[in-house]
Amino acid sequence: MAIESAILLAFATSVILVLVTGIDAGDIAIYWGQNSDEGTLAETCATGNYDFVNLAFLPTFGNGQTPMINLAGHCDPYSNGCTNLSSDIKSCQAQGIKVILSLGGGAGSYFLASSDDARRVAAYLWNNFLGGQSASRPFGDAILDGIDFDIEGGTNQHWDDLAKYLSRYSQRSRKVYLTAAPQCPFPDAWVGGALKTGLFDYVWVQFYNNLQCQYSDGDISNLENAWKQWTTNVPATKIFLGLPASPEAAGSDFIPVSDIVSQVLPAIRGSANMETGYSSAIKNYV
């Protein structure tokens with residue numbers, strides 16, 4: 001598969017992901033759902049800044065557990081209150097934005113006990129969030145575009161099975177997009193095996209909080225070497241480079257915009273002809 005490079009930038013408790021192709025403007029995605037100050041989903045999409053929105057998270061599933069979403073203060077899944085997001089999701093999609101459900105996260109209770117467990121979870125996701133049917137769809141009749149694997153705990157077993165089962169639901173008329181957010185040490189401890197399947201469309205690698213593969217004090221070598229590992233060994237359609245976009249997001253791992261533009265991007269893209277900026281301004285230099 002062809003591999004394209006990208007930048008990911010994390011804003012405090014949210015995350016945006018920017019796809020960079022050559023010197024053209026790239027796609028931007030955001031993790032939405034864990035910050036009560038981030039505005040509504042409809043407002044986020046209406047900014048015109050984003051091409052993908054990952055709904056964060058579904059942190060409880062697998063091993064016989066009743067799956068449960070957690071969108072912080074945005075809605076109450078216990079009272080079926082998240083069905084009100086249906087119109088927001090449809091509004092985002094009407095603007096050409098892909099809306100994806102993110103599994104896992106940094107806190108939660110999730111793991112797959114067996115291949116059969118993965119099959120059951122895939123069926124649940126299909127019937128409750130994707131193109132299937134269920135009487136208890138958390139987001140009502142809105143049909144999401146895919147599933148994101150943000151696996152940071154549990155075990156590293158059977159995520160490849162889950163990807164395979166989910167991919168079988170893809171149809172010519174409606175594709176099920178698969179994405180993942182591994183840490184930069186290669187291979188990833190949690191989803192490294194799943195990524196070998198070649199079934200993932202977007203892989204946004206987190207190049208921070210890991211000294212052995214991140215930019216540090218003007219030294220690009222660790223990041224550059226790890227970047228080459230990811231882009232040459234992972235059979236995904238598009239590989240993203242993840243960077244924190246504020247000190248609040250990653251503390252000392254934050255990289256100033258000037259360093260991103262003058263050192264990081266040229267190393268992975270071969271071009272330093274970019275403007276600086278964050279948030280909506282990021283489209284000016286990707």
# chains A, B, ... in the order shown; residues from 1 in each chain; ligands from 1
>>> select_by_dssp(residues="region 104-179 of chain A", states="strand (DSSP E)", output="ChimeraX atom specification")
/A:104-105,109-110,146-151,177-179
>>> residues_around(residues="Met68 (chain A)", least_positions_apart="3", cutoff="7 Å", atoms="only C-alpha atoms", output="ChimeraX atom specification")
/A:58-61
>>> write_last_selection(atoms="N, CA, C and O atoms", output="short mmCIF file (atom, residue, chain, number, x, y, z; two decimals), in the first residue's frame")
data_model
loop_
_atom_site.label_atom_id
_atom_site.label_comp_id
_atom_site.auth_asym_id
_atom_site.auth_seq_id
_atom_site.Cartn_x
_atom_site.Cartn_y
_atom_site.Cartn_z
N LEU A 58 -14.96 4.50 23.78
CA LEU A 58 -15.68 3.33 24.27
C LEU A 58 -14.66 2.58 25.14
O LEU A 58 -13.88 1.78 24.63
N PRO A 59 -14.64 2.86 26.46
CA PRO A 59 -13.58 2.33 27.33
C PRO A 59 -13.94 1.03 28.04
O PRO A 59 -13.10 0.48 28.76
N THR A 60 -15.17 0.56 27.86
CA THR A 60 -15.61 -0.68 28.51
C THR A 60 -16.19 -1.62 27.47
O THR A 60 -17.20 -1.30 26.83
N PHE A 61 -15.55 -2.77 27.28
CA PHE A 61 -16.03 -3.78 26.34
C PHE A 61 -15.16 -5.02 26.45
O PHE A 61 -14.06 -4.98 26.99
#
>>> closest_residue(among="A:Leu144, A:Leu71, A:Ala163, A:Ile89", to="Ser115 (chain A)", atoms="only C-alpha atoms")
A:Ala163
>>> closest_atom_pairs(of="region 175-257 of chain A", to="region 91-114 of chain A", cutoff="10 Å", atoms="only C-alpha atoms", output="CSV")
residue,atom,partner,partner_atom,distance
A:Val176,CA,A:Ile100,CA,9.4
A:Tyr177,CA,A:Ile100,CA,7.9
A:Leu178,CA,A:Ile100,CA,8.7
A:Thr179,CA,A:Ser102,CA,8.6
A:Ala180,CA,A:Ser102,CA,8.7
A:Ala181,CA,A:Ser102,CA,9.5
>>> atom_distance(atom1="CA of Gly193 (chain A)", atom2="CA of Tyr208 (chain A)")
21.3 Å
>>> closest_residue(among="A:Gly153, A:Gly73, A:Pro67, A:Pro235", to="Asn128 (chain A)", atoms="only C-alpha atoms")
A:Pro67
>>> atom_distance(atom1="CA of Val191 (chain A)", atom2="CA of Gln34 (chain A)")
22.4 Å
>>> closest_residue(among="A:Ala194, A:Gly140, A:Ala29, A:Pro185", to="Asn222 (chain A)", atoms="only C-alpha atoms")
A:Pro185
>>> select_by_dssp(residues="region 16-130 of chain A", states="helix (DSSP H, G or I)", output="ChimeraX atom specification")
/A:41-46,77-79,81-94,115-128
>>> write_last_selection(atoms="N, CA and C atoms", output="compact mmCIF listing (two decimals), in the first residue's frame")
# COMPACT_ATOMS: atom_id res chain seq x y z
N LEU A 41 -20.24 18.71 19.47
CA LEU A 41 -19.72 18.05 18.28
C LEU A 41 -20.07 18.85 17.04
N ALA A 42 -21.29 19.37 16.98
CA ALA A 42 -21.70 20.17 15.82
C ALA A 42 -20.84 21.42 15.69
N GLU A 43 -20.54 22.08 16.82
CA GLU A 43 -19.70 23.27 16.79
C GLU A 43 -18.29 22.95 16.32
N THR A 44 -17.77 21.80 16.77
CA THR A 44 -16.43 21.38 16.37
C THR A 44 -16.36 21.20 14.86
N CYS A 45 -17.34 20.53 14.31
CA CYS A 45 -17.35 20.29 12.86
C CYS A 45 -17.58 21.58 12.08
N ALA A 46 -18.38 22.47 12.65
CA ALA A 46 -18.73 23.71 11.95
C ALA A 46 -17.55 24.67 11.83
N PRO A 77 -24.73 8.19 28.96
CA PRO A 77 -25.12 6.96 28.28
C PRO A 77 -26.06 6.08 29.10
N TYR A 78 -26.03 6.23 30.43
CA TYR A 78 -26.87 5.40 31.29
C TYR A 78 -28.35 5.74 31.14
N SER A 79 -28.65 6.96 30.75
CA SER A 79 -30.04 7.37 30.52
C SER A 79 -30.37 7.45 29.03
N GLY A 81 -28.86 9.17 26.96
CA GLY A 81 -28.79 10.58 26.56
C GLY A 81 -27.91 10.88 25.37
N CYS A 82 -27.04 9.92 24.98
CA CYS A 82 -26.13 10.18 23.86
C CYS A 82 -26.81 10.04 22.50
N THR A 83 -28.05 9.59 22.50
CA THR A 83 -28.78 9.53 21.22
C THR A 83 -28.99 10.94 20.67
N ASN A 84 -28.91 11.94 21.54
CA ASN A 84 -29.06 13.32 21.07
C ASN A 84 -27.93 13.76 20.15
N LEU A 85 -26.82 12.99 20.14
CA LEU A 85 -25.69 13.32 19.27
C LEU A 85 -25.93 12.89 17.83
N SER A 86 -26.99 12.16 17.60
CA SER A 86 -27.27 11.65 16.25
C SER A 86 -27.30 12.77 15.22
N SER A 87 -28.00 13.86 15.52
CA SER A 87 -28.10 14.96 14.55
C SER A 87 -26.76 15.64 14.34
N ASP A 88 -25.95 15.75 15.40
CA ASP A 88 -24.61 16.34 15.27
C ASP A 88 -23.73 15.48 14.38
N ILE A 89 -23.79 14.16 14.58
CA ILE A 89 -22.99 13.25 13.77
C ILE A 89 -23.37 13.38 12.30
N LYS A 90 -24.66 13.40 12.03
CA LYS A 90 -25.13 13.52 10.65
C LYS A 90 -24.73 14.86 10.05
N SER A 91 -24.74 15.91 10.88
CA SER A 91 -24.33 17.23 10.40
C SER A 91 -22.87 17.23 9.99
N CYS A 92 -22.02 16.59 10.81
CA CYS A 92 -20.60 16.49 10.48
C CYS A 92 -20.41 15.73 9.17
N GLN A 93 -21.10 14.62 9.04
CA GLN A 93 -20.95 13.80 7.84
C GLN A 93 -21.46 14.51 6.60
N ALA A 94 -22.48 15.35 6.76
CA ALA A 94 -23.00 16.10 5.62
C ALA A 94 -21.97 17.11 5.11
N SER A 115 -10.55 -15.10 20.23
CA SER A 115 -10.97 -14.72 18.88
C SER A 115 -12.49 -14.62 18.81
N ASP A 116 -13.18 -15.52 19.49
CA ASP A 116 -14.64 -15.49 19.48
C ASP A 116 -15.16 -14.25 20.20
N ASP A 117 -14.46 -13.83 21.24
CA ASP A 117 -14.81 -12.59 21.93
C ASP A 117 -14.65 -11.41 20.98
N ALA A 118 -13.56 -11.41 20.20
CA ALA A 118 -13.35 -10.35 19.21
C ALA A 118 -14.48 -10.33 18.19
N ARG A 119 -14.93 -11.51 17.78
CA ARG A 119 -16.04 -11.60 16.82
C ARG A 119 -17.31 -10.99 17.41
N ARG A 120 -17.58 -11.28 18.70
CA ARG A 120 -18.78 -10.74 19.34
C ARG A 120 -18.69 -9.22 19.48
N VAL A 121 -17.51 -8.71 19.84
CA VAL A 121 -17.34 -7.26 19.95
C VAL A 121 -17.52 -6.60 18.59
N ALA A 122 -16.97 -7.20 17.54
CA ALA A 122 -17.13 -6.64 16.19
C ALA A 122 -18.60 -6.58 15.81
N ALA A 123 -19.35 -7.65 16.13
CA ALA A 123 -20.78 -7.67 15.82
C ALA A 123 -21.51 -6.59 16.60
N TYR A 124 -21.12 -6.41 17.87
CA TYR A 124 -21.73 -5.34 18.68
C TYR A 124 -21.47 -3.98 18.06
N LEU A 125 -20.23 -3.73 17.67
CA LEU A 125 -19.88 -2.43 17.08
C LEU A 125 -20.64 -2.21 15.78
N TRP A 126 -20.74 -3.25 14.97
CA TRP A 126 -21.45 -3.13 13.70
C TRP A 126 -22.93 -2.80 13.94
N ASN A 127 -23.55 -3.51 14.85
CA ASN A 127 -24.99 -3.35 15.05
C ASN A 127 -25.35 -2.09 15.83
N ASN A 128 -24.44 -1.60 16.67
CA ASN A 128 -24.78 -0.47 17.53
C ASN A 128 -24.18 0.87 17.11
>>> atom_distance(atom1="CA of Gly242 (chain A)", atom2="CA of Cys184 (chain A)")
8.6 Å
